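S.K.: Input file: entry.txt. Contents: compact mmCIF, C-alpha atoms (C1' of nucleotides).
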# COMPACT_ATOMS: atom_id res chain seq x y z
CA MET A 1 41.52 -26.90 66.44
CA ALA A 2 38.73 -24.45 65.75
CA LEU A 3 36.52 -23.03 63.05
CA SER A 4 38.09 -20.53 60.66
CA PRO A 5 37.83 -16.86 61.73
CA GLN A 6 35.60 -16.16 58.73
CA LEU A 7 33.11 -18.89 59.57
CA SER A 8 33.29 -17.98 63.22
CA GLY A 9 32.51 -14.36 62.40
CA ALA A 10 29.61 -15.25 60.12
CA LEU A 11 28.21 -17.55 62.81
CA HIS A 12 28.52 -14.89 65.48
CA ASP A 13 26.67 -12.35 63.36
CA TRP A 14 23.92 -14.81 62.57
CA ILE A 15 23.63 -15.91 66.19
CA ASP A 16 23.40 -12.32 67.41
CA VAL A 17 20.45 -11.45 65.23
CA PHE A 18 18.88 -14.84 65.67
CA MET A 19 19.22 -15.11 69.44
CA TYR A 20 17.95 -11.60 70.10
CA ARG A 21 14.80 -12.37 68.19
CA ALA A 22 14.35 -15.94 69.41
CA MET A 23 14.94 -15.02 73.03
CA ARG A 24 12.44 -12.18 72.85
CA GLU A 25 9.78 -14.59 71.62
CA LEU A 26 10.77 -17.23 74.16
CA LEU A 27 10.75 -14.82 77.12
CA ARG A 28 7.34 -13.57 76.05
CA LEU A 29 5.98 -17.12 76.07
CA LEU A 30 7.62 -17.98 79.39
CA ARG A 31 6.09 -14.91 80.98
CA ALA A 32 2.67 -15.68 79.50
CA ARG A 33 2.86 -19.24 80.82
CA GLY A 34 4.24 -18.16 84.20
CA LEU A 35 7.46 -20.10 83.70
CA SER A 36 10.76 -19.14 85.34
CA LEU A 37 14.26 -19.89 84.15
CA SER A 38 14.33 -22.93 86.42
CA HIS A 39 11.05 -24.16 85.01
CA TYR A 40 12.34 -23.83 81.48
CA SER A 41 15.64 -25.51 82.30
CA LEU A 42 13.94 -28.49 83.91
CA LEU A 43 11.46 -28.92 81.07
CA MET A 44 14.21 -28.87 78.45
CA ARG A 45 16.47 -31.15 80.48
CA LEU A 46 13.72 -33.78 80.83
CA TYR A 47 12.68 -33.38 77.19
CA LYS A 48 16.17 -33.70 75.76
CA GLU A 49 17.76 -36.19 78.12
CA GLY A 50 14.87 -38.13 79.58
CA PRO A 51 13.85 -38.92 83.18
CA CYS A 52 16.14 -38.21 86.13
CA VAL A 53 16.01 -38.25 89.94
CA VAL A 54 15.43 -35.35 92.32
CA GLY A 55 19.12 -34.93 93.12
CA ASP A 56 19.92 -34.54 89.42
CA VAL A 57 17.47 -31.65 89.23
CA ALA A 58 19.14 -29.95 92.21
CA ASP A 59 22.60 -30.42 90.70
CA MET A 60 21.58 -29.25 87.26
CA LEU A 61 19.99 -26.06 88.61
CA GLY A 62 22.65 -25.50 91.23
CA VAL A 63 20.12 -25.34 94.08
CA SER A 64 19.55 -27.28 97.32
CA ARG A 65 17.68 -30.59 97.46
CA PRO A 66 14.64 -29.05 99.18
CA ALA A 67 14.47 -26.42 96.43
CA ALA A 68 14.40 -29.21 93.85
CA THR A 69 11.71 -31.04 95.78
CA GLN A 70 9.58 -27.91 95.88
CA LEU A 71 10.08 -27.19 92.21
CA ILE A 72 9.03 -30.73 91.38
CA ASP A 73 6.04 -30.41 93.74
CA HIS A 74 4.93 -27.53 91.57
CA PHE A 75 5.54 -29.50 88.36
CA VAL A 76 3.55 -32.43 89.69
CA ALA A 77 0.71 -30.10 90.71
CA GLU A 78 0.69 -28.69 87.17
CA ARG A 79 0.74 -32.26 85.86
CA TRP A 80 3.87 -31.56 83.79
CA VAL A 81 5.78 -34.47 85.36
CA THR A 82 5.26 -37.68 87.27
CA ARG A 83 7.34 -38.56 90.34
CA VAL A 84 7.60 -42.24 91.23
CA GLU A 85 9.88 -44.36 93.42
CA LYS A 86 12.58 -46.37 91.75
CA ALA A 87 11.99 -50.10 92.13
CA GLU A 88 15.70 -50.90 92.58
CA ASP A 89 16.19 -48.35 95.36
CA ARG A 90 13.10 -46.82 96.84
CA ARG A 91 14.98 -43.80 98.21
CA TYR A 92 15.18 -42.42 94.69
CA MET A 93 12.29 -40.69 92.97
CA THR A 94 12.21 -40.78 89.17
CA VAL A 95 10.94 -37.57 87.58
CA ALA A 96 9.59 -37.85 84.03
CA LEU A 97 7.62 -35.61 81.66
CA THR A 98 3.93 -36.27 81.14
CA LEU A 99 2.31 -35.79 77.75
CA ARG A 100 1.11 -32.44 79.04
CA GLY A 101 4.64 -31.47 80.05
CA ARG A 102 5.99 -32.61 76.71
CA ALA A 103 3.42 -30.47 74.90
CA LEU A 104 4.43 -27.40 76.93
CA THR A 105 8.09 -28.01 76.16
CA GLU A 106 7.35 -28.36 72.47
CA GLU A 107 5.48 -25.08 72.62
CA CYS A 108 8.66 -23.43 73.97
CA ILE A 109 10.63 -24.99 71.16
CA ALA A 110 8.12 -23.96 68.52
CA VAL A 111 8.39 -20.22 69.22
CA ARG A 112 12.01 -20.37 68.13
CA HIS A 113 10.85 -21.51 64.74
CA ARG A 114 7.66 -19.62 64.11
CA TRP A 115 9.03 -16.18 63.31
CA LEU A 116 11.51 -17.68 60.85
CA ASP A 117 8.64 -18.74 58.66
CA ASP A 118 7.86 -15.09 57.93
CA LEU A 119 11.22 -14.53 56.23
CA SER A 120 11.28 -14.03 52.48
CA PRO A 121 12.58 -16.90 50.38
CA LEU A 122 16.17 -16.75 49.15
CA PRO A 123 17.48 -17.68 45.68
CA ALA A 124 17.39 -21.47 45.23
CA ALA A 125 21.16 -21.86 44.88
CA ARG A 126 21.77 -19.88 48.03
CA GLU A 127 19.17 -21.92 49.88
CA ARG A 128 20.83 -25.15 48.83
CA ALA A 129 24.17 -23.86 50.09
CA ILE A 130 22.72 -22.87 53.43
CA ILE A 131 20.94 -26.19 53.83
CA ALA A 132 24.10 -28.18 53.19
CA GLY A 133 26.12 -25.90 55.44
CA LEU A 134 23.70 -25.92 58.31
CA ASN A 135 23.36 -29.68 58.17
CA ALA A 136 27.13 -30.01 58.40
CA LEU A 137 27.19 -27.64 61.35
CA THR A 138 24.34 -29.43 63.08
CA ASP A 139 26.10 -32.75 62.68
CA GLU A 140 29.28 -31.27 64.04
CA VAL A 141 27.58 -29.84 67.11
CA THR A 142 25.68 -33.07 67.71
CA ARG A 143 28.90 -35.08 67.55
CA PHE A 144 30.57 -32.56 69.81
CA GLN A 145 27.77 -32.75 72.34
CA ALA A 146 27.88 -36.52 72.34
CA ALA A 147 31.61 -36.63 73.19
CA PRO A 148 32.80 -33.20 74.32
CA ASN A 149 35.61 -34.47 76.56
CA LYS A 150 37.51 -36.33 73.90
CA ARG A 151 37.61 -33.19 71.82
CA LYS A 152 38.41 -30.77 74.63
CA SER A 153 41.39 -32.81 75.79
CA SER A 154 43.07 -32.51 72.41
CA MET B 1 5.97 -15.86 51.21
CA ALA B 2 8.24 -18.04 53.28
CA LEU B 3 11.42 -20.02 53.23
CA SER B 4 11.39 -23.35 51.44
CA PRO B 5 10.46 -26.36 53.58
CA GLN B 6 13.98 -27.74 53.11
CA LEU B 7 15.70 -24.61 54.36
CA SER B 8 13.14 -24.25 57.09
CA GLY B 9 13.82 -27.83 58.23
CA ALA B 10 17.59 -27.39 58.16
CA LEU B 11 17.26 -24.18 60.17
CA HIS B 12 15.00 -25.82 62.72
CA ASP B 13 17.46 -28.68 63.24
CA TRP B 14 20.34 -26.28 63.62
CA ILE B 15 18.42 -24.05 66.01
CA ASP B 16 17.39 -27.00 68.16
CA VAL B 17 20.93 -28.19 68.81
CA PHE B 18 22.33 -24.69 68.98
CA MET B 19 19.74 -23.20 71.30
CA TYR B 20 19.86 -26.10 73.74
CA ARG B 21 23.57 -25.66 74.14
CA ALA B 22 23.61 -21.86 74.06
CA MET B 23 20.76 -21.56 76.54
CA ARG B 24 22.48 -23.92 78.95
CA GLU B 25 25.58 -21.75 78.92
CA LEU B 26 23.55 -18.56 79.17
CA LEU B 27 21.44 -19.80 82.08
CA ARG B 28 24.57 -20.87 83.91
CA LEU B 29 26.03 -17.38 83.54
CA LEU B 30 22.80 -15.65 84.54
CA ARG B 31 22.63 -17.78 87.67
CA ALA B 32 26.27 -17.11 88.49
CA ARG B 33 25.73 -13.37 88.07
CA GLY B 34 22.44 -13.40 89.97
CA LEU B 35 20.49 -12.19 86.93
CA SER B 36 16.82 -12.92 86.38
CA LEU B 37 14.90 -13.08 83.11
CA SER B 38 13.82 -9.48 83.63
CA HIS B 39 17.41 -8.40 84.23
CA TYR B 40 18.55 -10.11 81.06
CA SER B 41 15.69 -8.68 79.02
CA LEU B 42 16.37 -5.15 80.16
CA LEU B 43 20.11 -5.40 79.56
CA MET B 44 19.61 -6.72 76.03
CA ARG B 45 16.91 -4.18 75.26
CA LEU B 46 19.13 -1.26 76.29
CA TYR B 47 22.14 -2.75 74.53
CA LYS B 48 20.40 -3.40 71.24
CA GLU B 49 18.00 -0.49 71.02
CA GLY B 50 19.55 2.22 73.18
CA PRO B 51 18.18 4.31 76.06
CA CYS B 52 14.50 4.39 76.97
CA VAL B 53 12.22 5.74 79.67
CA VAL B 54 10.81 3.96 82.73
CA GLY B 55 7.44 3.37 81.15
CA ASP B 56 9.06 1.62 78.20
CA VAL B 57 10.72 -0.81 80.60
CA ALA B 58 7.37 -1.57 82.25
CA ASP B 59 5.69 -2.11 78.88
CA MET B 60 8.49 -4.27 77.53
CA LEU B 61 8.46 -6.56 80.55
CA GLY B 62 4.69 -6.49 80.93
CA VAL B 63 4.83 -5.33 84.56
CA SER B 64 3.50 -2.33 86.50
CA ARG B 65 5.26 1.03 86.61
CA PRO B 66 6.35 0.58 90.25
CA ALA B 67 7.89 -2.78 89.33
CA ALA B 68 9.90 -1.09 86.60
CA THR B 69 11.00 1.65 88.99
CA GLN B 70 12.20 -0.96 91.47
CA LEU B 71 14.02 -2.98 88.85
CA ILE B 72 15.77 0.18 87.67
CA ASP B 73 16.59 1.08 91.31
CA HIS B 74 18.44 -2.21 91.46
CA PHE B 75 20.20 -1.57 88.15
CA VAL B 76 21.28 1.88 89.31
CA ALA B 77 22.56 0.44 92.59
CA GLU B 78 24.60 -2.10 90.62
CA ARG B 79 25.82 0.76 88.40
CA TRP B 80 24.59 -0.99 85.28
CA VAL B 81 22.49 2.00 84.16
CA THR B 82 22.09 5.71 84.72
CA ARG B 83 18.70 7.33 85.25
CA VAL B 84 18.40 11.01 84.42
CA GLU B 85 15.55 13.45 83.80
CA LYS B 86 14.77 14.41 80.24
CA ALA B 87 15.47 18.07 79.57
CA GLU B 88 12.44 18.49 77.26
CA ASP B 89 9.98 17.04 79.78
CA ARG B 90 11.25 16.55 83.27
CA ARG B 91 8.57 14.00 84.13
CA TYR B 92 10.42 11.42 82.04
CA MET B 93 13.51 9.57 83.25
CA THR B 94 15.94 8.34 80.61
CA VAL B 95 17.52 4.99 81.42
CA ALA B 96 20.81 4.18 79.67
CA LEU B 97 23.52 1.53 80.04
CA THR B 98 26.79 2.45 81.73
CA LEU B 99 30.10 1.03 80.52
CA ARG B 100 29.81 -1.48 83.34
CA GLY B 101 26.32 -2.50 82.20
CA ARG B 102 27.51 -2.76 78.62
CA ALA B 103 30.35 -5.04 79.68
CA LEU B 104 27.94 -7.31 81.56
CA THR B 105 25.66 -7.51 78.53
CA GLU B 106 28.57 -8.33 76.28
CA GLU B 107 29.53 -11.10 78.68
CA CYS B 108 26.05 -12.58 78.22
CA ILE B 109 26.44 -12.36 74.47
CA ALA B 110 29.91 -13.88 74.52
CA VAL B 111 28.84 -17.16 76.14
CA ARG B 112 26.79 -17.89 73.04
CA HIS B 113 29.95 -17.78 70.99
CA ARG B 114 32.62 -19.31 73.17
CA TRP B 115 31.72 -23.00 72.92
CA LEU B 116 31.34 -22.71 69.16
CA ASP B 117 35.04 -22.02 68.90
CA ASP B 118 35.75 -25.55 70.15
CA LEU B 119 34.12 -27.11 67.09
CA SER B 120 36.34 -28.86 64.58
CA PRO B 121 36.99 -27.05 61.32
CA LEU B 122 35.00 -28.04 58.26
CA PRO B 123 36.26 -28.49 54.70
CA ALA B 124 37.11 -25.12 53.16
CA ALA B 125 34.52 -25.32 50.39
CA ARG B 126 31.81 -26.15 52.88
CA GLU B 127 32.90 -23.33 55.14
CA ARG B 128 32.68 -20.86 52.27
CA ALA B 129 29.18 -22.04 51.46
CA ILE B 130 28.05 -21.69 55.06
CA ILE B 131 29.57 -18.23 55.37
CA ALA B 132 27.80 -16.97 52.25
CA GLY B 133 24.55 -18.59 53.33
CA LEU B 134 24.62 -17.32 56.90
CA ASN B 135 25.42 -13.80 55.76
CA ALA B 136 22.41 -13.89 53.45
CA LEU B 137 20.24 -15.13 56.31
CA THR B 138 21.58 -12.52 58.70
CA ASP B 139 20.87 -9.76 56.19
CA GLU B 140 17.39 -11.08 55.64
CA VAL B 141 16.60 -11.18 59.36
CA THR B 142 18.10 -7.72 59.87
CA ARG B 143 16.00 -6.30 57.06
CA PHE B 144 12.95 -8.06 58.44
CA GLN B 145 13.52 -6.71 61.92
CA ALA B 146 13.94 -3.19 60.58
CA ALA B 147 10.58 -3.26 58.77
CA PRO B 148 8.49 -6.22 59.92
CA ASN B 149 5.13 -4.59 59.23
CA LYS B 150 5.67 -3.87 55.59
CA ARG B 151 6.55 -7.50 55.06
CA LYS B 152 3.77 -8.96 57.18
CA SER B 153 1.08 -6.97 55.37
CA SER B 154 2.02 -8.44 52.01
C1' DT C 1 21.11 -56.84 113.38
C1' DC C 2 22.47 -52.52 114.51
C1' DG C 3 24.64 -48.27 113.36
C1' DT C 4 25.74 -45.38 109.44
C1' DA C 5 25.12 -43.27 105.02
C1' DT C 6 22.08 -41.64 101.47
C1' DA C 7 17.72 -39.63 99.04
C1' DA C 8 14.12 -37.07 99.66
C1' DT C 9 10.92 -34.36 102.34
C1' DT C 10 9.05 -31.21 105.94
C1' DA C 11 9.43 -27.05 108.64
C1' DA C 12 10.64 -22.39 109.45
C1' DG C 13 12.29 -18.34 108.01
C1' DT C 14 14.62 -14.97 104.50
C1' DT C 15 14.64 -12.39 100.37
C1' DA C 16 13.37 -10.73 95.74
C1' DT C 17 9.73 -9.40 92.96
C1' DC C 18 5.41 -8.38 92.12
C1' DT C 19 0.87 -5.97 93.06
C1' DT C 20 -2.42 -1.85 94.28
C1' DA C 21 -3.13 2.59 96.36
C1' DA C 22 -1.54 6.88 97.53
C1' DC C 23 1.60 10.54 96.54
C1' DT C 24 4.88 14.14 94.14
C1' DA C 25 6.15 16.78 90.44
C1' DA C 26 5.78 18.48 85.78
C1' DT C 27 3.12 19.56 81.77
C1' DA C 28 -1.13 20.73 79.26
C1' DA C 29 -5.68 22.57 78.82
C1' DG C 30 -9.75 25.41 79.91
C1' DC D 1 -4.50 30.71 87.19
C1' DT D 2 -6.66 26.79 88.25
C1' DT D 3 -7.62 22.10 87.18
C1' DA D 4 -6.68 17.82 84.92
C1' DT D 5 -3.45 14.62 83.05
C1' DT D 6 0.83 12.22 82.85
C1' DA D 7 5.40 10.01 84.54
C1' DG D 8 7.44 8.30 88.04
C1' DT D 9 8.06 7.09 92.98
C1' DT D 10 6.89 5.62 97.74
C1' DA D 11 4.48 2.59 100.85
C1' DA D 12 2.44 -1.58 102.31
C1' DG D 13 1.58 -6.05 101.66
C1' DA D 14 1.26 -10.70 98.98
C1' DT D 15 3.71 -14.45 96.87
C1' DA D 16 7.29 -17.44 94.96
C1' DA D 17 11.66 -19.35 95.39
C1' DC D 18 15.30 -19.98 97.98
C1' DT D 19 18.04 -21.25 102.35
C1' DT D 20 19.41 -24.33 106.63
C1' DA D 21 18.11 -27.66 110.09
C1' DA D 22 15.56 -31.44 111.37
C1' DT D 23 12.95 -35.69 109.95
C1' DT D 24 11.62 -39.96 107.46
C1' DA D 25 12.62 -43.92 104.95
C1' DT D 26 15.60 -46.99 102.58
C1' DA D 27 19.93 -49.41 101.76
C1' DC D 28 24.25 -51.12 103.20
C1' DG D 29 28.45 -52.59 105.91
C1' DA D 30 30.71 -54.29 110.38
Using C-alpha cells, write down the structure from this file.
M.R.:
Amino acid sequence: MALSPQLSGALHDWIDVFMYRAMRELLRLLRARGLSLSHYSLLMRLYKEGPCVVGDVADMLGVSRPAATQLIDHFVAERWVTRVEKAEDRRYMTVALTLRGRALTEECIAVRHRWLDDLSPLPAARERAIIAGLNALTDEVTRFQAAPNKRKSS
Amino acid sequence: MALSPQLSGALHDWIDVFMYRAMRELLRLLRARGLSLSHYSLLMRLYKEGPCVVGDVADMLGVSRPAATQLIDHFVAERWVTRVEKAEDRRYMTVALTLRGRALTEECIAVRHRWLDDLSPLPAARERAIIAGLNALTDEVTRFQAAPNKRKSS
DNA sequence: TCGTATAATTAAGTTATCTTAACTAATAAG
DNA sequence: CTTATTAGTTAAGATAACTTAATTATACGA
C-alpha cells in the first residue's frame, strides 16, 4: 500500500522547494555554530529519543567506539551533554542533553520554521484544507515511525 | 504579512516529523557516499541554480578561495563537475555539473521521497485537499524564492 | 575466585579540510 | 606600454575527525 501518485507528486514538489530552502538555512546555522553532520545527528538523536550510551552513539553514526568517545568528549567540553556511569552496570556511560544542549538543538529546529513565517497568507478556505491535510499526514508519519516494521512487512 | 498561526503550527508539526526522518535518511546516504556538508551544498547549488565560478563557491560556503579550489579539484577528480575557462574573461573558471554529478545529486534528492511511499493511503477526499493545499504552498514558496526582496520590504 | 567478555578510554598515527602567503595569468586603467 | 587589479592556483602548515591497537574497569560464568 502507498499514497496515490497525485498526492505523492504534490508531496515531492513541496518537499523539493521546502528542503532546499530549509537545508540552506540549517547548513548556514551549523557552519556559524561550528557544528558538523555528526554533531547535528547526535544533538537531534538525544533531543528526539532521549539519553543513550556511548556505544549507541557509535552505532548510530556508523563510527568506531573511540570516535564516539572523542565526539562526546567534545560535547561534554562544550557543556551540551552530561556523561555519567550507569548505576546498574558501571561499564556503561549514559549521555544526556544539558539545558544548554537542548537550547542549541532547538535553535537548529527553529531555523526550519523561521523563513516560513515570511510567506504571504493564503485564502482562509485553502488554509483550512492544508491544516487538516498536514495534520493527517503528520499523524500518519508519526504512527509509521512508531511501528515501521509492522507496516513494512505487509 | 504572514501565515495564520494555525497553518503555521500545522506546518511546524509536519516539518518536525518530516525533517527528522528525511535528514536521517539523507545523512546515512551522505556518509555512505563519503559526502560532507560542503559537498552536499555544492551539489545542490549547482543542480538548482546552474553553473557558477570558483569565487561563487567560496562565497556560498563561506570559505577562502583556495578552499574552494581544492573542493572543486576533488569534484573534478570524482568527475562530478567540469571546470572550464570563460571565453569572455579567461580569469574566470566556470564550474558545472556533469551527468554523473547530476545523478549523484538526484540520488540525494530521492532519499527524501522514498520512505514517504511506504505511508498508508489516506481517504480520497483528504488526499485531494492535501494536494490542492500543498500545491498552493509550493507555488507560494517558489514565488517567494524568486523575489524575496520585494516581499520582505513590504 | 579466576578467566573471559564487554564498555569505554587512551595512545599513536592517518587523512581531509581549512587557513595564510606567495604566485601566475588575464584584464583594466593611467 | 607599464602598472594595478582581479581570479584562481600552488605551497606549507594547522586542526579536526577518523582509524586500529592496547589499556582499564566492570560484570559474569565455570
S.K.: For chain A against chain C, with a cut-off of 9 Å and counting all atoms listed in the file, what is the closest atom pair and its distance in Å to one decimal for every residue that makes the cut, ordered by chain and number, as JSON lines?
M.R.:
{"residue": "A:Val54", "atom": "CA", "partner": "C:DA8", "partner_atom": "C1'", "distance": 7.7}
{"residue": "A:Gly55", "atom": "CA", "partner": "C:DA7", "partner_atom": "C1'", "distance": 7.7}
{"residue": "A:Arg65", "atom": "CA", "partner": "C:DA8", "partner_atom": "C1'", "distance": 7.7}
{"residue": "A:Pro66", "atom": "CA", "partner": "C:DT9", "partner_atom": "C1'", "distance": 7.2}
{"residue": "A:Thr69", "atom": "CA", "partner": "C:DT9", "partner_atom": "C1'", "distance": 7.4}
{"residue": "A:Arg90", "atom": "CA", "partner": "C:DA7", "partner_atom": "C1'", "distance": 8.8}
{"residue": "A:Arg91", "atom": "CA", "partner": "C:DA7", "partner_atom": "C1'", "distance": 5.1}
{"residue": "A:Tyr92", "atom": "CA", "partner": "C:DA7", "partner_atom": "C1'", "distance": 5.8}
{"residue": "A:Met93", "atom": "CA", "partner": "C:DA8", "partner_atom": "C1'", "distance": 7.8}
S.K.: Can you list every residue of chain B that has an atom at most 6 Å from chain A, with its nearest atom pair and the distance in Å to one decimal, using all atoms listed in the file, ordered by chain then number, as a Markdown table?
M.R.:
| residue | atom | partner | partner_atom | distance |
| --- | --- | --- | --- | --- |
| B:Met1 | CA | A:Ser120 | CA | 5.8 |
| B:Ala2 | CA | A:Ser120 | CA | 5.1 |
| B:Leu3 | CA | A:Pro121 | CA | 4.4 |
| B:Leu7 | CA | A:Ile131 | CA | 5.5 |
| B:Ala10 | CA | A:Ile131 | CA | 5.6 |
| B:Trp14 | CA | A:Thr138 | CA | 5.1 |
| B:Asp117 | CA | A:Ala2 | CA | 5.4 |
| B:Asp118 | CA | A:Ala2 | CA | 5.4 |
| B:Leu119 | CA | A:Ala2 | CA | 5.5 |
| B:Ser120 | CA | A:Ala2 | CA | 5.2 |
| B:Pro121 | CA | A:Leu3 | CA | 4.4 |
| B:Ala129 | CA | A:Ala129 | CA | 5.5 |
| B:Ile130 | CA | A:Gly133 | CA | 4.6 |
| B:Ile131 | CA | A:Leu7 | CA | 5.5 |
| B:Gly133 | CA | A:Ile130 | CA | 4.7 |
| B:Thr138 | CA | A:Trp14 | CA | 5.1 |
S.K.: List the spatial neighbours of Arg100 of chain B as a VMD selection string - criterion: any atom at most 9 Å away, all atoms listed in the file, same-chain residues fewer than 6 positions off excluded.
M.R.: chain B and resid 78 to 81
S.K.: For the reference chain A, what are the coordinates of chain B after least-squares fitting (all Cα, in-order pairing), as a short mmCIF file (atom, residue, chain, number, x, y, z; two decimals) with C-alpha atoms, in the frame of the given file?
M.R.:
data_model
loop_
_atom_site.label_atom_id
_atom_site.label_comp_id
_atom_site.auth_asym_id
_atom_site.auth_seq_id
_atom_site.Cartn_x
_atom_site.Cartn_y
_atom_site.Cartn_z
CA MET B 1 41.43 -26.91 66.53
CA ALA B 2 38.66 -24.46 65.81
CA LEU B 3 36.49 -23.04 63.11
CA SER B 4 38.05 -20.53 60.75
CA PRO B 5 37.79 -16.88 61.81
CA GLN B 6 35.55 -16.20 58.80
CA LEU B 7 33.06 -18.91 59.66
CA SER B 8 33.27 -18.00 63.30
CA GLY B 9 32.47 -14.36 62.46
CA ALA B 10 29.57 -15.27 60.20
CA LEU B 11 28.16 -17.54 62.90
CA HIS B 12 28.50 -14.86 65.55
CA ASP B 13 26.64 -12.33 63.40
CA TRP B 14 23.89 -14.80 62.67
CA ILE B 15 23.59 -15.83 66.31
CA ASP B 16 23.40 -12.22 67.46
CA VAL B 17 20.41 -11.34 65.29
CA PHE B 18 18.80 -14.72 65.72
CA MET B 19 19.15 -15.00 69.48
CA TYR B 20 17.88 -11.48 70.13
CA ARG B 21 14.73 -12.23 68.23
CA ALA B 22 14.28 -15.80 69.44
CA MET B 23 14.87 -14.88 73.07
CA ARG B 24 12.33 -12.08 72.88
CA GLU B 25 9.70 -14.51 71.65
CA LEU B 26 10.71 -17.14 74.18
CA LEU B 27 10.65 -14.73 77.13
CA ARG B 28 7.23 -13.51 76.08
CA LEU B 29 5.91 -17.07 76.09
CA LEU B 30 7.55 -17.94 79.41
CA ARG B 31 5.98 -14.87 80.98
CA ALA B 32 2.59 -15.68 79.50
CA ARG B 33 2.80 -19.24 80.82
CA GLY B 34 4.14 -18.15 84.20
CA LEU B 35 7.40 -20.06 83.71
CA SER B 36 10.65 -19.10 85.37
CA LEU B 37 14.20 -19.82 84.23
CA SER B 38 14.26 -22.86 86.50
CA HIS B 39 10.99 -24.12 85.03
CA TYR B 40 12.31 -23.74 81.52
CA SER B 41 15.62 -25.41 82.36
CA LEU B 42 13.94 -28.40 83.94
CA LEU B 43 11.47 -28.84 81.09
CA MET B 44 14.24 -28.74 78.48
CA ARG B 45 16.48 -31.03 80.49
CA LEU B 46 13.77 -33.69 80.81
CA TYR B 47 12.74 -33.27 77.19
CA LYS B 48 16.22 -33.56 75.75
CA GLU B 49 17.85 -36.05 78.09
CA GLY B 50 14.96 -38.04 79.55
CA PRO B 51 13.95 -38.84 83.14
CA CYS B 52 16.20 -38.14 86.11
CA VAL B 53 16.09 -38.19 89.89
CA VAL B 54 15.47 -35.32 92.32
CA GLY B 55 19.13 -34.88 93.12
CA ASP B 56 19.95 -34.45 89.45
CA VAL B 57 17.47 -31.58 89.26
CA ALA B 58 19.10 -29.89 92.26
CA ASP B 59 22.58 -30.32 90.77
CA MET B 60 21.54 -29.12 87.33
CA LEU B 61 19.95 -25.95 88.69
CA GLY B 62 22.60 -25.41 91.35
CA VAL B 63 20.07 -25.28 94.20
CA SER B 64 19.50 -27.25 97.41
CA ARG B 65 17.67 -30.57 97.52
CA PRO B 66 14.60 -29.06 99.24
CA ALA B 67 14.41 -26.43 96.49
CA ALA B 68 14.37 -29.18 93.89
CA THR B 69 11.68 -31.07 95.80
CA GLN B 70 9.53 -27.95 95.90
CA LEU B 71 10.02 -27.18 92.24
CA ILE B 72 9.03 -30.75 91.39
CA ASP B 73 6.00 -30.46 93.73
CA HIS B 74 4.89 -27.57 91.56
CA PHE B 75 5.54 -29.51 88.35
CA VAL B 76 3.55 -32.47 89.66
CA ALA B 77 0.69 -30.18 90.67
CA GLU B 78 0.67 -28.74 87.14
CA ARG B 79 0.77 -32.31 85.79
CA TRP B 80 3.89 -31.58 83.78
CA VAL B 81 5.84 -34.48 85.33
CA THR B 82 5.34 -37.70 87.23
CA ARG B 83 7.41 -38.60 90.28
CA VAL B 84 7.70 -42.28 91.14
CA GLU B 85 9.98 -44.40 93.32
CA LYS B 86 12.69 -46.41 91.64
CA ALA B 87 12.12 -50.13 91.98
CA GLU B 88 15.85 -50.93 92.40
CA ASP B 89 16.34 -48.41 95.22
CA ARG B 90 13.23 -46.93 96.70
CA ARG B 91 15.07 -43.92 98.12
CA TYR B 92 15.28 -42.46 94.61
CA MET B 93 12.37 -40.71 92.90
CA THR B 94 12.32 -40.77 89.10
CA VAL B 95 11.01 -37.57 87.54
CA ALA B 96 9.68 -37.82 83.98
CA LEU B 97 7.69 -35.57 81.64
CA THR B 98 4.00 -36.27 81.08
CA LEU B 99 2.40 -35.77 77.68
CA ARG B 100 1.16 -32.44 78.98
CA GLY B 101 4.68 -31.43 80.03
CA ARG B 102 6.05 -32.56 76.68
CA ALA B 103 3.48 -30.43 74.87
CA LEU B 104 4.44 -27.37 76.93
CA THR B 105 8.12 -27.92 76.17
CA GLU B 106 7.39 -28.29 72.49
CA GLU B 107 5.49 -25.02 72.62
CA CYS B 108 8.64 -23.35 73.98
CA ILE B 109 10.67 -24.88 71.18
CA ALA B 110 8.15 -23.88 68.53
CA VAL B 111 8.37 -20.14 69.22
CA ARG B 112 11.98 -20.25 68.08
CA HIS B 113 10.82 -21.45 64.70
CA ARG B 114 7.59 -19.62 64.04
CA TRP B 115 8.90 -16.15 63.17
CA LEU B 116 11.51 -17.65 60.87
CA ASP B 117 8.75 -18.84 58.60
CA ASP B 118 7.86 -15.22 57.84
CA LEU B 119 11.22 -14.60 56.18
CA SER B 120 11.31 -14.10 52.44
CA PRO B 121 12.63 -16.97 50.36
CA LEU B 122 16.20 -16.83 49.13
CA PRO B 123 17.52 -17.78 45.69
CA ALA B 124 17.42 -21.55 45.22
CA ALA B 125 21.17 -21.97 44.84
CA ARG B 126 21.80 -20.01 48.00
CA GLU B 127 19.19 -22.02 49.86
CA ARG B 128 20.85 -25.26 48.82
CA ALA B 129 24.20 -23.99 50.05
CA ILE B 130 22.77 -22.96 53.40
CA ILE B 131 20.97 -26.27 53.84
CA ALA B 132 24.14 -28.28 53.19
CA GLY B 133 26.16 -25.99 55.43
CA LEU B 134 23.71 -25.98 58.32
CA ASN B 135 23.37 -29.75 58.22
CA ALA B 136 27.14 -30.06 58.46
CA LEU B 137 27.17 -27.66 61.40
CA THR B 138 24.32 -29.46 63.12
CA ASP B 139 26.10 -32.79 62.75
CA GLU B 140 29.28 -31.31 64.10
CA VAL B 141 27.56 -29.85 67.16
CA THR B 142 25.66 -33.10 67.76
CA ARG B 143 28.86 -35.11 67.59
CA PHE B 144 30.56 -32.61 69.87
CA GLN B 145 27.77 -32.77 72.41
CA ALA B 146 27.85 -36.55 72.40
CA ALA B 147 31.58 -36.68 73.22
CA PRO B 148 32.83 -33.26 74.33
CA ASN B 149 35.65 -34.59 76.50
CA LYS B 150 37.43 -36.57 73.86
CA ARG B 151 37.53 -33.47 71.70
CA LYS B 152 38.52 -31.04 74.44
CA SER B 153 41.48 -33.17 75.53
CA SER B 154 43.04 -33.06 72.09
#
S.K.: Could you state the separation of atom CA of Gly50 of chain A and atom CA of Leu26 of chain A in Å, given to one decimal place?
M.R.: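 So the answer is 22.0 Å.
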S.K.: Could you please tell me, as a compact mmCIF listing (two decimals) with C-alpha atoms (C1' of nucleotides), in the coordinates of the input, which residues of chain D have an atom within 12 Å of chain A when using all atoms listed in the file?
M.R.:
# COMPACT_ATOMS: atom_id res chain seq x y z
C1' DA D 16 7.29 -17.44 94.96
C1' DA D 17 11.66 -19.35 95.39
C1' DC D 18 15.30 -19.98 97.98
C1' DT D 19 18.04 -21.25 102.35
C1' DT D 20 19.41 -24.33 106.63
C1' DA D 21 18.11 -27.66 110.09
C1' DT D 24 11.62 -39.96 107.46
C1' DA D 25 12.62 -43.92 104.95
C1' DT D 26 15.60 -46.99 102.58
C1' DA D 27 19.93 -49.41 101.76
C1' DC D 28 24.25 -51.12 103.20
